[in-house]
file target02.txt (compact mmCIF, C-alpha atoms)
# COMPACT_ATOMS: atom_id res chain seq x y z
CA MET A 1 15.57 80.97 12.19
CA LYS A 2 16.09 82.81 15.44
CA THR A 3 19.49 84.39 16.13
CA VAL A 4 20.86 83.28 19.49
CA SER A 5 24.05 84.53 21.10
CA ARG A 6 26.49 81.65 21.56
CA ARG A 7 27.91 83.27 24.68
CA SER A 8 24.51 83.83 26.30
CA LEU A 9 23.29 80.34 25.50
CA ASN A 10 26.40 78.54 26.65
CA SER A 11 26.92 80.54 29.84
CA ARG A 12 23.41 79.56 30.96
CA LEU A 13 23.84 75.99 29.77
CA PHE A 14 27.16 75.48 31.55
CA ARG A 15 25.94 77.13 34.75
CA TRP A 16 22.91 74.81 34.81
CA HIS A 17 25.06 71.79 34.01
CA GLN A 18 27.19 72.27 37.12
CA GLY A 19 24.27 71.00 39.18
CA HIS A 20 22.71 68.62 36.65
CA ARG A 21 25.61 66.69 35.17
CA ARG A 22 24.89 62.98 34.95
CA SER A 23 27.47 60.71 36.51
CA LEU A 24 28.28 58.31 33.69
CA LEU A 25 31.17 55.87 33.77
CA ILE A 26 32.20 56.61 30.19
CA ARG A 27 32.78 60.24 31.13
CA GLU A 28 35.84 59.03 32.99
CA ALA A 29 37.57 58.52 29.63
CA GLU A 30 41.10 59.86 29.93
CA ASP A 31 42.50 59.63 26.39
CA PRO A 32 41.27 59.72 22.77
CA TRP A 33 41.19 55.92 22.46
CA GLN A 34 38.93 55.59 25.50
CA VAL A 35 36.67 58.32 24.10
CA LEU A 36 36.48 56.59 20.73
CA VAL A 37 35.61 53.23 22.30
CA ALA A 38 32.90 54.88 24.40
CA GLU A 39 31.35 56.56 21.38
CA VAL A 40 31.36 53.37 19.29
CA MET A 41 29.79 51.40 22.12
CA SER A 42 27.11 54.07 22.57
CA GLN A 43 25.90 53.70 18.98
CA GLN A 44 22.39 52.19 19.14
CA THR A 45 22.82 51.35 22.84
CA GLY A 46 21.50 53.21 25.88
CA ILE A 47 24.35 55.15 27.43
CA GLU A 48 23.63 53.84 30.93
CA ARG A 49 24.25 50.26 29.73
CA VAL A 50 27.57 51.03 28.12
CA GLY A 51 29.66 51.87 31.19
CA PRO A 52 30.60 48.42 32.57
CA ALA A 53 31.39 46.98 29.13
CA TRP A 54 33.39 50.08 28.23
CA ARG A 55 35.50 49.80 31.38
CA ARG A 56 35.99 46.08 30.78
CA LEU A 57 37.18 46.64 27.22
CA VAL A 58 39.54 49.59 27.77
CA ASP A 59 41.09 47.86 30.78
CA ARG A 60 41.66 44.72 28.72
CA TRP A 61 42.87 46.54 25.57
CA PRO A 62 44.10 50.00 26.65
CA THR A 63 45.49 51.01 23.25
CA PRO A 64 44.52 50.50 19.61
CA ALA A 65 47.56 48.23 19.19
CA ASP A 66 46.30 46.01 22.00
CA LEU A 67 42.84 45.63 20.48
CA ALA A 68 44.22 45.15 16.96
CA GLY A 69 45.51 41.72 17.99
CA ALA A 70 42.47 40.67 20.03
CA ALA A 71 40.99 37.24 19.37
CA THR A 72 37.38 37.28 18.20
CA HIS A 73 36.36 34.95 21.03
CA GLU A 74 37.72 37.32 23.70
CA LEU A 75 36.36 40.42 21.99
CA LEU A 76 32.81 39.07 21.79
CA ALA A 77 32.98 38.01 25.43
CA ALA A 78 33.98 41.54 26.43
CA TRP A 79 31.20 42.96 24.23
CA ALA A 80 28.51 40.76 25.81
CA GLY A 81 25.28 42.56 26.60
CA LEU A 82 25.66 45.47 24.17
CA GLY A 83 24.11 43.88 21.07
CA TYR A 84 24.88 44.74 17.45
CA ASN A 85 28.05 42.64 17.65
CA ARG A 86 29.22 43.84 14.25
CA ARG A 87 30.35 46.99 16.02
CA ALA A 88 32.88 44.92 17.96
CA LEU A 89 34.54 43.62 14.80
CA ALA A 90 34.38 47.09 13.24
CA LEU A 91 36.09 48.52 16.32
CA ARG A 92 38.89 45.98 15.95
CA GLU A 93 39.26 46.93 12.27
CA CYS A 94 39.29 50.56 13.35
CA ALA A 95 42.12 49.79 15.80
CA ARG A 96 44.09 48.01 13.07
CA LYS A 97 43.74 50.98 10.71
CA ILE A 98 44.82 53.37 13.47
CA VAL A 99 47.93 51.25 13.97
CA ALA A 100 48.64 50.89 10.25
CA ASP A 101 47.90 54.45 9.11
CA HIS A 102 48.31 56.64 12.20
CA GLY A 103 51.14 55.09 14.17
CA GLY A 104 48.80 53.73 16.81
CA CYS A 105 47.41 57.17 17.74
CA VAL A 106 43.75 58.12 17.23
CA PRO A 107 43.63 60.85 14.56
CA SER A 108 42.31 64.24 15.59
CA THR A 109 40.43 65.62 12.57
CA VAL A 110 36.85 64.88 11.61
CA GLY A 111 37.88 63.79 8.12
CA GLU A 112 40.51 61.34 9.35
CA LEU A 113 38.16 59.94 11.96
CA GLU A 114 35.40 59.41 9.39
CA SER A 115 37.81 57.36 7.28
CA LEU A 116 38.09 54.75 10.05
CA PRO A 117 35.93 51.58 9.92
CA GLY A 118 32.69 51.92 11.85
CA ILE A 119 33.07 55.67 12.41
CA GLY A 120 30.30 57.80 10.93
CA PRO A 121 29.78 61.59 10.94
CA TYR A 122 28.31 61.75 14.45
CA THR A 123 30.98 59.58 16.08
CA ALA A 124 33.79 61.39 14.24
CA ARG A 125 32.53 64.75 15.46
CA ALA A 126 31.94 63.49 19.00
CA VAL A 127 35.50 62.15 19.26
CA ALA A 128 36.98 65.28 17.71
CA ALA A 129 35.06 67.51 20.13
CA SER A 130 35.47 65.46 23.32
CA ALA A 131 39.00 64.13 22.85
CA PHE A 132 40.69 66.93 20.90
CA GLY A 133 38.67 70.07 21.60
CA VAL A 134 37.66 70.60 17.98
CA PRO A 135 34.69 73.05 18.01
CA VAL A 136 32.22 70.92 16.08
CA ALA A 137 28.74 69.82 17.11
CA PRO A 138 27.86 66.12 16.73
CA LEU A 139 24.25 65.78 15.65
CA ASP A 140 22.31 62.87 17.11
CA VAL A 141 18.61 62.86 17.91
CA ASN A 142 19.20 64.64 21.25
CA VAL A 143 21.41 67.47 20.02
CA ARG A 144 19.21 67.83 16.97
CA ARG A 145 16.09 68.24 19.12
CA VAL A 146 17.60 70.89 21.40
CA VAL A 147 19.12 72.97 18.61
CA SER A 148 15.99 72.68 16.47
CA ARG A 149 13.81 73.95 19.29
CA VAL A 150 16.12 76.73 20.44
CA LEU A 151 16.51 78.15 16.93
CA GLY A 152 13.01 77.30 15.70
CA VAL A 153 14.22 75.50 12.58
CA PRO A 154 13.24 72.13 11.08
CA TRP A 155 15.45 69.06 11.24
CA SER A 156 17.16 69.63 7.89
CA THR A 157 20.63 68.13 8.31
CA SER A 158 22.54 70.77 6.35
CA VAL A 159 20.84 73.74 8.01
CA LEU A 160 20.90 72.28 11.48
CA GLN A 161 24.51 71.11 11.30
CA ALA A 162 25.73 74.56 10.37
CA ALA A 163 23.57 76.15 13.06
CA ALA A 164 24.79 73.75 15.73
CA ASP A 165 28.41 74.37 14.74
CA GLU A 166 27.78 78.07 15.34
CA LEU A 167 26.43 77.43 18.84
CA VAL A 168 29.00 74.91 20.09
CA SER A 169 31.46 76.26 22.66
CA ARG A 170 34.78 77.21 21.10
CA GLY A 171 36.75 76.41 24.23
CA GLN A 172 34.83 73.45 25.68
CA PRO A 173 33.07 71.55 22.87
CA GLY A 174 33.17 68.23 24.73
CA GLN A 175 31.58 69.73 27.83
CA TRP A 176 29.02 71.45 25.60
CA LEU A 177 28.05 68.10 24.10
CA ASP A 178 27.66 66.55 27.58
CA ALA A 179 25.52 69.48 28.71
CA VAL A 180 23.22 69.37 25.69
CA MET A 181 22.86 65.60 26.07
CA ASP A 182 21.92 65.97 29.72
CA LEU A 183 19.48 68.77 28.93
CA ALA A 184 17.83 66.58 26.29
CA SER A 185 17.61 63.53 28.55
CA GLY A 186 15.66 65.09 31.40
CA THR A 187 14.40 68.54 30.42
CA CYS A 188 14.12 69.03 26.65
CA THR A 189 12.43 65.67 26.20
CA PRO A 190 10.69 64.58 22.97
CA ARG A 191 7.04 64.54 24.00
CA ALA A 192 6.73 66.72 27.11
CA PRO A 193 9.60 69.22 27.42
CA ARG A 194 9.92 70.83 30.86
CA CYS A 195 10.31 74.37 29.61
CA ASP A 196 9.72 75.78 33.10
CA ALA A 197 12.95 74.06 34.26
CA CYS A 198 15.04 74.80 31.17
CA PRO A 199 18.05 77.10 31.66
CA VAL A 200 17.78 78.48 28.11
CA ALA A 201 14.00 78.81 27.90
CA THR A 202 14.08 82.60 27.62
CA LEU A 203 16.34 82.28 24.56
CA CYS A 204 14.37 79.45 22.97
CA ALA A 205 12.32 80.16 19.86
CA SER A 206 9.82 77.42 20.53
CA ARG A 207 9.69 76.74 24.26
CA GLY A 208 8.49 73.25 23.37
CA ALA A 209 6.17 74.28 20.56
CA VAL A 210 8.33 72.84 17.77
CA VAL A 211 7.04 69.40 16.92
CA VAL A 212 9.80 66.98 16.06
CA ALA A 213 8.96 65.17 12.82
CA LEU A 214 9.60 61.55 13.72
CA GLU A 215 9.34 58.69 11.29
CA PRO A 216 6.30 56.49 11.93
CA LYS A 217 7.25 53.58 14.10
CA PRO A 218 6.32 50.04 13.08
CA ALA A 219 4.23 47.97 15.41
CA ALA A 220 6.31 46.78 18.35
CA VAL A 221 7.59 43.21 18.16
CA PRO A 222 8.56 41.46 21.41
CA PHE A 223 12.36 41.43 21.57
CA ALA A 224 12.55 37.65 22.03
CA PHE A 225 10.91 37.23 18.61
CA THR A 226 13.48 39.35 16.76
CA THR A 227 16.48 38.29 14.71
CA ARG A 228 18.61 40.57 16.87
CA TRP A 229 17.68 38.55 19.97
CA LEU A 230 18.42 35.30 18.17
CA ARG A 231 21.80 36.45 16.85
CA GLY A 232 22.82 37.64 20.29
CA ARG A 233 21.88 34.39 21.98
CA LEU A 234 23.57 32.34 19.29
CA VAL A 235 26.82 34.29 19.58
CA ALA A 236 26.67 34.02 23.37
CA ALA A 237 26.13 30.25 23.23
CA VAL A 238 29.12 29.70 20.95
CA THR A 239 31.33 32.18 22.82
CA GLU A 240 30.78 30.35 26.10
CA ALA A 241 32.48 27.25 24.69
CA PRO A 242 36.27 26.80 24.97
CA VAL A 243 38.30 28.63 22.34
CA GLY A 244 38.26 26.72 19.05
CA ALA A 245 35.59 24.26 20.18
CA TRP A 246 32.82 23.29 17.78
CA VAL A 247 29.35 23.70 19.25
CA PRO A 248 26.25 21.97 17.86
CA LEU A 249 23.66 24.46 16.70
CA PRO A 250 20.63 24.16 18.98
CA GLU A 251 17.32 22.85 17.69
CA ARG A 252 15.52 25.75 19.29
CA LEU A 253 16.35 29.09 20.93
CA GLY A 254 13.41 30.78 22.58
CA GLU A 255 10.75 31.31 19.92
CA HIS A 256 13.10 30.44 17.04
CA ASP A 257 13.22 27.05 15.33
CA SER A 258 16.13 25.27 13.67
CA ASP A 259 15.57 26.92 10.28
CA ALA A 260 15.74 30.40 11.79
CA ILE A 261 18.83 29.42 13.79
CA ALA A 262 20.58 28.08 10.70
CA LEU A 263 19.73 31.26 8.77
CA ALA A 264 21.09 33.44 11.57
CA ALA A 265 24.23 31.29 11.78
CA ARG A 266 24.89 31.71 8.04
CA GLY A 267 24.54 35.45 8.41
CA LEU A 268 27.02 35.45 11.28
CA GLU A 269 29.38 33.38 9.15
CA ARG A 270 29.22 35.91 6.29
CA GLU A 271 29.94 38.73 8.71
CA GLY A 272 33.03 37.05 10.11
CA PHE A 273 31.78 35.99 13.53
CA LEU A 274 31.44 32.23 13.11
CA ASP A 275 32.81 29.28 11.20
CA LEU A 276 30.24 26.61 10.29
CA ARG A 277 30.75 22.89 9.79
CA GLY A 278 27.66 20.85 9.14
CA GLY A 279 25.39 21.51 12.08
CA GLU A 280 28.16 22.96 14.25
CA ALA A 281 29.65 26.40 14.79
CA ARG A 282 32.67 27.97 16.43
CA VAL A 283 33.88 31.54 16.89
CA ARG A 284 36.15 32.56 14.03
CA GLN A 285 39.65 33.32 15.19
call {"tool": "encode", "arguments": {"input": "target02.txt", "output": "structure tokens"}}
result
Amino acid sequence: MKTVSRRSLNSRLFRWHQGHRRSLLIREAEDPWQVLVAEVMSQQTGIERVGPAWRRLVDRWPTPADLAGAATHELLAAWAGLGYNRRALALRECARKIVADHGGCVPSTVGELESLPGIGPYTARAVAASAFGVPVAPLDVNVRRVVSRVLGVPWSTSVLQAAADELVSRGQPGQWLDAVMDLASGTCTPRAPRCDACPVATLCASRGAVVVALEPKPAAVPFAFTTRWLRGRLVAAVTEAPVGAWVPLPERLGEHDSDAIALAARGLEREGFLDLRGGEARVRQ
């Protein structure tokens, strides 16, 4: 593993970032709760898509106490378009735990954050770094790729996490995370890194030569054929009805027949989204 000076790396990274910082709505987050909501929404969702829904949600429920009492119907409507609706219910449970165990204030340590519903190691570290200035490096695929290439080490979680924690800025860990993310999105890309445009290329052990070991991807399935598409459309159809109204399950949604719809509805019932009655459904309150 190559030894890289934190000061040298970060001075070049921050200088480059002054002219290459992406303008993202979620970067307008002003308090730890807004940061936490942004990070939860960004899980498994492209960051460019998150902004409008994030603004809608934090304006509607500006504190954990506000969201803790949110009706499922309203929450799913605010979440529309993001997919993976279980995250919405997990975020509400997270808000309730913050109210019950932390006096309504988002906790500041990685350990406390990880104890919240729906908050994993990456999100806990991202919130700690961005909202509280804790010098820890959240490892997602983007940060992992940059650090792996710069140091010339494989993607081993334990090794890479410790190495990234050594490189993260001690005074500006949130800004460091933004800079690394922006470097990964347009310069240190997975397949064709632009090493000639990279601000840290002269410090980098690989200069693009490190091959990221990705898991083999299954054959692509058109989105409209997936269970995720079906669940999203089913939730949207029921959410559009008046609060408390029972909605007949459709005979067909896109490429999905009544059996697939019924199976998806039962799954949504188990997860706490819907109540079922015969061939009808309503959003659980």
call {"tool": "closest_atom_pairs", "arguments": {"input": "target02.txt", "of": "region 72-175 of chain A", "to": "region 47-60 of chain A", "cutoff": "12 Å", "atoms": "only C-alpha atoms", "output": "JSON lines"}}
result
{"residue": "A:Glu74", "atom": "CA", "partner": "A:Arg60", "partner_atom": "CA", "distance": 9.8}
{"residue": "A:Leu75", "atom": "CA", "partner": "A:Leu57", "partner_atom": "CA", "distance": 8.2}
{"residue": "A:Leu76", "atom": "CA", "partner": "A:Leu57", "partner_atom": "CA", "distance": 10.3}
{"residue": "A:Ala77", "atom": "CA", "partner": "A:Leu57", "partner_atom": "CA", "distance": 9.8}
{"residue": "A:Ala78", "atom": "CA", "partner": "A:Leu57", "partner_atom": "CA", "distance": 6.1}
{"residue": "A:Trp79", "atom": "CA", "partner": "A:Ala53", "partner_atom": "CA", "distance": 6.3}
{"residue": "A:Ala80", "atom": "CA", "partner": "A:Ala53", "partner_atom": "CA", "distance": 7.6}
{"residue": "A:Gly81", "atom": "CA", "partner": "A:Ala53", "partner_atom": "CA", "distance": 8.0}
{"residue": "A:Leu82", "atom": "CA", "partner": "A:Val50", "partner_atom": "CA", "distance": 7.1}
{"residue": "A:Gly83", "atom": "CA", "partner": "A:Val50", "partner_atom": "CA", "distance": 10.6}
{"residue": "A:Ala88", "atom": "CA", "partner": "A:Leu57", "partner_atom": "CA", "distance": 10.4}
{"residue": "A:Leu91", "atom": "CA", "partner": "A:Leu57", "partner_atom": "CA", "distance": 11.1}
{"residue": "A:Arg92", "atom": "CA", "partner": "A:Leu57", "partner_atom": "CA", "distance": 11.4}
call {"tool": "closest_residue", "arguments": {"input": "target02.txt", "among": "A:Gln172, A:Ser108, A:Thr157, A:Asn142", "to": "Thr187 (chain A)", "atoms": "only C-alpha atoms"}}
result
A:Asn142
call {"tool": "axis_aligned_box", "arguments": {"input": "target02.txt", "around": "region 96-112 of chain A", "padding_each_side": "8 Å", "output": "lines of an AutoDock Vina configuration file"}}
result
center_x = 44.0
center_y = 56.8
center_z = 12.9
size_x = 30.3
size_y = 33.6
size_z = 25.6
call {"tool": "closest_residue", "arguments": {"input": "target02.txt", "among": "A:Val110, A:Leu167, A:Val147, A:Cys105", "to": "Ala129 (chain A)", "atoms": "only C-alpha atoms"}}
result
A:Val110
call {"tool": "closest_residue", "arguments": {"input": "target02.txt", "among": "A:Cys198, A:Ser206, A:Leu183, A:Arg21", "to": "Val153 (chain A)", "atoms": "all atoms listed in the file"}}
result
A:Ser206
call {"tool": "atom_distance", "arguments": {"input": "target02.txt", "atom1": "CA of Leu36 (chain A)", "atom2": "CA of Ala237 (chain A)"}}
result
28.4 Å
call {"tool": "residues_around", "arguments": {"input": "target02.txt", "residues": "Gly186 (chain A)", "least_positions_apart": "6", "cutoff": "10 Å", "atoms": "all atoms listed in the file", "output": "PyMOL selection string"}}
result
chain A and resi 20+193-194+197-198
call {"tool": "atom_distance", "arguments": {"input": "target02.txt", "atom1": "CA of Leu230 (chain A)", "atom2": "CA of Gln44 (chain A)"}}
result
17.4 Å
call {"tool": "residues_around", "arguments": {"input": "target02.txt", "residues": "Ala262 (chain A)", "least_positions_apart": "6", "cutoff": "10 Å", "atoms": "only C-alpha atoms", "output": "list in words"}}
result
Leu249, Pro250, Glu251, Leu268, Leu276, Gly279 and Glu280 of chain A
call {"tool": "decode", "arguments": {"input": "target02.txt", "residues": "region 177-214 of chain A", "atoms": "N, CA and C atoms", "output": "PDB file, in the first residue's frame"}}
result
ATOM      1  N   LEU A 177     -15.822  14.507   1.893  1.00  0.00           N
ATOM      2  CA  LEU A 177     -16.712  13.509   1.298  1.00  0.00           C
ATOM      3  C   LEU A 177     -17.325  14.040   0.011  1.00  0.00           C
ATOM      4  N   ASP A 178     -17.793  15.286   0.010  1.00  0.00           N
ATOM      5  CA  ASP A 178     -18.361  15.883  -1.203  1.00  0.00           C
ATOM      6  C   ASP A 178     -17.329  15.902  -2.326  1.00  0.00           C
ATOM      7  N   ALA A 179     -16.090  16.280  -1.996  1.00  0.00           N
ATOM      8  CA  ALA A 179     -15.051  16.380  -3.016  1.00  0.00           C
ATOM      9  C   ALA A 179     -14.715  15.025  -3.619  1.00  0.00           C
ATOM     10  N   VAL A 180     -14.600  14.010  -2.770  1.00  0.00           N
ATOM     11  CA  VAL A 180     -14.291  12.670  -3.277  1.00  0.00           C
ATOM     12  C   VAL A 180     -15.442  12.154  -4.138  1.00  0.00           C
ATOM     13  N   MET A 181     -16.675  12.408  -3.701  1.00  0.00           N
ATOM     14  CA  MET A 181     -17.834  11.996  -4.496  1.00  0.00           C
ATOM     15  C   MET A 181     -17.823  12.659  -5.872  1.00  0.00           C
ATOM     16  N   ASP A 182     -17.508  13.940  -5.902  1.00  0.00           N
ATOM     17  CA  ASP A 182     -17.506  14.654  -7.176  1.00  0.00           C
ATOM     18  C   ASP A 182     -16.340  14.202  -8.056  1.00  0.00           C
ATOM     19  N   LEU A 183     -15.220  13.896  -7.446  1.00  0.00           N
ATOM     20  CA  LEU A 183     -14.093  13.358  -8.211  1.00  0.00           C
ATOM     21  C   LEU A 183     -14.465  12.013  -8.823  1.00  0.00           C
ATOM     22  N   ALA A 184     -15.139  11.178  -8.059  1.00  0.00           N
ATOM     23  CA  ALA A 184     -15.526   9.849  -8.537  1.00  0.00           C
ATOM     24  C   ALA A 184     -16.569   9.921  -9.640  1.00  0.00           C
ATOM     25  N   SER A 185     -17.454  10.920  -9.576  1.00  0.00           N
ATOM     26  CA  SER A 185     -18.568  10.973 -10.526  1.00  0.00           C
ATOM     27  C   SER A 185     -18.138  11.379 -11.927  1.00  0.00           C
ATOM     28  N   GLY A 186     -17.098  12.214 -12.047  1.00  0.00           N
ATOM     29  CA  GLY A 186     -16.754  12.708 -13.373  1.00  0.00           C
ATOM     30  C   GLY A 186     -15.325  12.484 -13.803  1.00  0.00           C
ATOM     31  N   THR A 187     -14.450  12.123 -12.890  1.00  0.00           N
ATOM     32  CA  THR A 187     -13.026  11.983 -13.215  1.00  0.00           C
ATOM     33  C   THR A 187     -12.514  10.577 -12.920  1.00  0.00           C
ATOM     34  N   CYS A 188     -12.653  10.137 -11.679  1.00  0.00           N
ATOM     35  CA  CYS A 188     -12.186   8.795 -11.302  1.00  0.00           C
ATOM     36  C   CYS A 188     -13.328   7.797 -11.491  1.00  0.00           C
ATOM     37  N   THR A 189     -13.735   7.668 -12.741  1.00  0.00           N
ATOM     38  CA  THR A 189     -14.897   6.852 -13.082  1.00  0.00           C
ATOM     39  C   THR A 189     -14.528   5.359 -13.128  1.00  0.00           C
ATOM     40  N   PRO A 190     -15.521   4.468 -13.067  1.00  0.00           N
ATOM     41  CA  PRO A 190     -15.211   3.036 -12.955  1.00  0.00           C
ATOM     42  C   PRO A 190     -14.433   2.459 -14.127  1.00  0.00           C
ATOM     43  N   ARG A 191     -14.879   2.742 -15.345  1.00  0.00           N
ATOM     44  CA  ARG A 191     -14.324   2.048 -16.508  1.00  0.00           C
ATOM     45  C   ARG A 191     -13.234   2.837 -17.235  1.00  0.00           C
ATOM     46  N   ALA A 192     -13.351   4.151 -17.268  1.00  0.00           N
ATOM     47  CA  ALA A 192     -12.392   4.956 -18.035  1.00  0.00           C
ATOM     48  C   ALA A 192     -12.008   6.202 -17.250  1.00  0.00           C
ATOM     49  N   PRO A 193     -11.204   6.041 -16.196  1.00  0.00           N
ATOM     50  CA  PRO A 193     -10.819   7.194 -15.385  1.00  0.00           C
ATOM     51  C   PRO A 193     -10.030   8.218 -16.206  1.00  0.00           C
ATOM     52  N   ARG A 194     -10.299   9.486 -15.967  1.00  0.00           N
ATOM     53  CA  ARG A 194      -9.636  10.583 -16.684  1.00  0.00           C
ATOM     54  C   ARG A 194      -8.427  11.037 -15.865  1.00  0.00           C
ATOM     55  N   CYS A 195      -7.410  10.221 -15.858  1.00  0.00           N
ATOM     56  CA  CYS A 195      -6.246  10.492 -15.015  1.00  0.00           C
ATOM     57  C   CYS A 195      -5.550  11.797 -15.402  1.00  0.00           C
ATOM     58  N   ASP A 196      -5.656  12.187 -16.689  1.00  0.00           N
ATOM     59  CA  ASP A 196      -5.013  13.419 -17.120  1.00  0.00           C
ATOM     60  C   ASP A 196      -5.669  14.653 -16.504  1.00  0.00           C
ATOM     61  N   ALA A 197      -6.926  14.516 -16.027  1.00  0.00           N
ATOM     62  CA  ALA A 197      -7.641  15.647 -15.437  1.00  0.00           C
ATOM     63  C   ALA A 197      -7.748  15.536 -13.924  1.00  0.00           C
ATOM     64  N   CYS A 198      -7.113  14.535 -13.347  1.00  0.00           N
ATOM     65  CA  CYS A 198      -7.267  14.274 -11.908  1.00  0.00           C
ATOM     66  C   CYS A 198      -6.311  15.138 -11.090  1.00  0.00           C
ATOM     67  N   PRO A 199      -6.803  15.822 -10.080  1.00  0.00           N
ATOM     68  CA  PRO A 199      -5.933  16.700  -9.277  1.00  0.00           C
ATOM     69  C   PRO A 199      -4.936  15.953  -8.398  1.00  0.00           C
ATOM     70  N   VAL A 200      -5.161  14.656  -8.183  1.00  0.00           N
ATOM     71  CA  VAL A 200      -4.257  13.894  -7.311  1.00  0.00           C
ATOM     72  C   VAL A 200      -3.524  12.807  -8.092  1.00  0.00           C
ATOM     73  N   ALA A 201      -3.478  12.924  -9.394  1.00  0.00           N
ATOM     74  CA  ALA A 201      -2.881  11.881 -10.227  1.00  0.00           C
ATOM     75  C   ALA A 201      -1.417  11.627  -9.875  1.00  0.00           C
ATOM     76  N   THR A 202      -0.668  12.688  -9.559  1.00  0.00           N
ATOM     77  CA  THR A 202       0.753  12.502  -9.279  1.00  0.00           C
ATOM     78  C   THR A 202       0.987  11.792  -7.950  1.00  0.00           C
ATOM     79  N   LEU A 203      -0.037  11.726  -7.110  1.00  0.00           N
ATOM     80  CA  LEU A 203       0.068  11.015  -5.839  1.00  0.00           C
ATOM     81  C   LEU A 203      -0.510   9.605  -5.911  1.00  0.00           C
ATOM     82  N   CYS A 204      -1.186   9.307  -7.010  1.00  0.00           N
ATOM     83  CA  CYS A 204      -1.974   8.085  -7.120  1.00  0.00           C
ATOM     84  C   CYS A 204      -1.101   6.880  -7.476  1.00  0.00           C
ATOM     85  N   ALA A 205      -1.270   5.802  -6.739  1.00  0.00           N
ATOM     86  CA  ALA A 205      -0.482   4.598  -6.971  1.00  0.00           C
ATOM     87  C   ALA A 205      -0.833   3.912  -8.279  1.00  0.00           C
ATOM     88  N   SER A 206      -2.031   4.087  -8.756  1.00  0.00           N
ATOM     89  CA  SER A 206      -2.481   3.307  -9.900  1.00  0.00           C
ATOM     90  C   SER A 206      -2.665   4.126 -11.169  1.00  0.00           C
ATOM     91  N   ARG A 207      -3.043   5.386 -11.013  1.00  0.00           N
ATOM     92  CA  ARG A 207      -3.384   6.219 -12.160  1.00  0.00           C
ATOM     93  C   ARG A 207      -4.305   5.470 -13.108  1.00  0.00           C
ATOM     94  N   GLY A 208      -5.320   4.812 -12.526  1.00  0.00           N
ATOM     95  CA  GLY A 208      -6.328   4.117 -13.319  1.00  0.00           C
ATOM     96  C   GLY A 208      -6.038   2.666 -13.578  1.00  0.00           C
ATOM     97  N   ALA A 209      -4.853   2.195 -13.180  1.00  0.00           N
ATOM     98  CA  ALA A 209      -4.486   0.817 -13.499  1.00  0.00           C
ATOM     99  C   ALA A 209      -5.161  -0.203 -12.594  1.00  0.00           C
ATOM    100  N   VAL A 210      -5.574   0.199 -11.401  1.00  0.00           N
ATOM    101  CA  VAL A 210      -6.231  -0.736 -10.491  1.00  0.00           C
ATOM    102  C   VAL A 210      -7.598  -1.100 -11.048  1.00  0.00           C
ATOM    103  N   VAL A 211      -7.829  -2.366 -11.232  1.00  0.00           N
ATOM    104  CA  VAL A 211      -9.110  -2.833 -11.745  1.00  0.00           C
ATOM    105  C   VAL A 211     -10.026  -3.125 -10.572  1.00  0.00           C
ATOM    106  N   VAL A 212     -11.159  -2.468 -10.551  1.00  0.00           N
ATOM    107  CA  VAL A 212     -12.120  -2.679  -9.480  1.00  0.00           C
ATOM    108  C   VAL A 212     -12.802  -4.021  -9.680  1.00  0.00           C
ATOM    109  N   ALA A 213     -12.766  -4.868  -8.661  1.00  0.00           N
ATOM    110  CA  ALA A 213     -13.368  -6.196  -8.756  1.00  0.00           C
ATOM    111  C   ALA A 213     -14.862  -6.099  -8.486  1.00  0.00           C
ATOM    112  N   LEU A 214     -15.632  -5.996  -9.543  1.00  0.00           N
ATOM    113  CA  LEU A 214     -17.074  -5.898  -9.404  1.00  0.00           C
ATOM    114  C   LEU A 214     -17.715  -7.276  -9.473  1.00  0.00           C
TER     115      LEU A 214
END
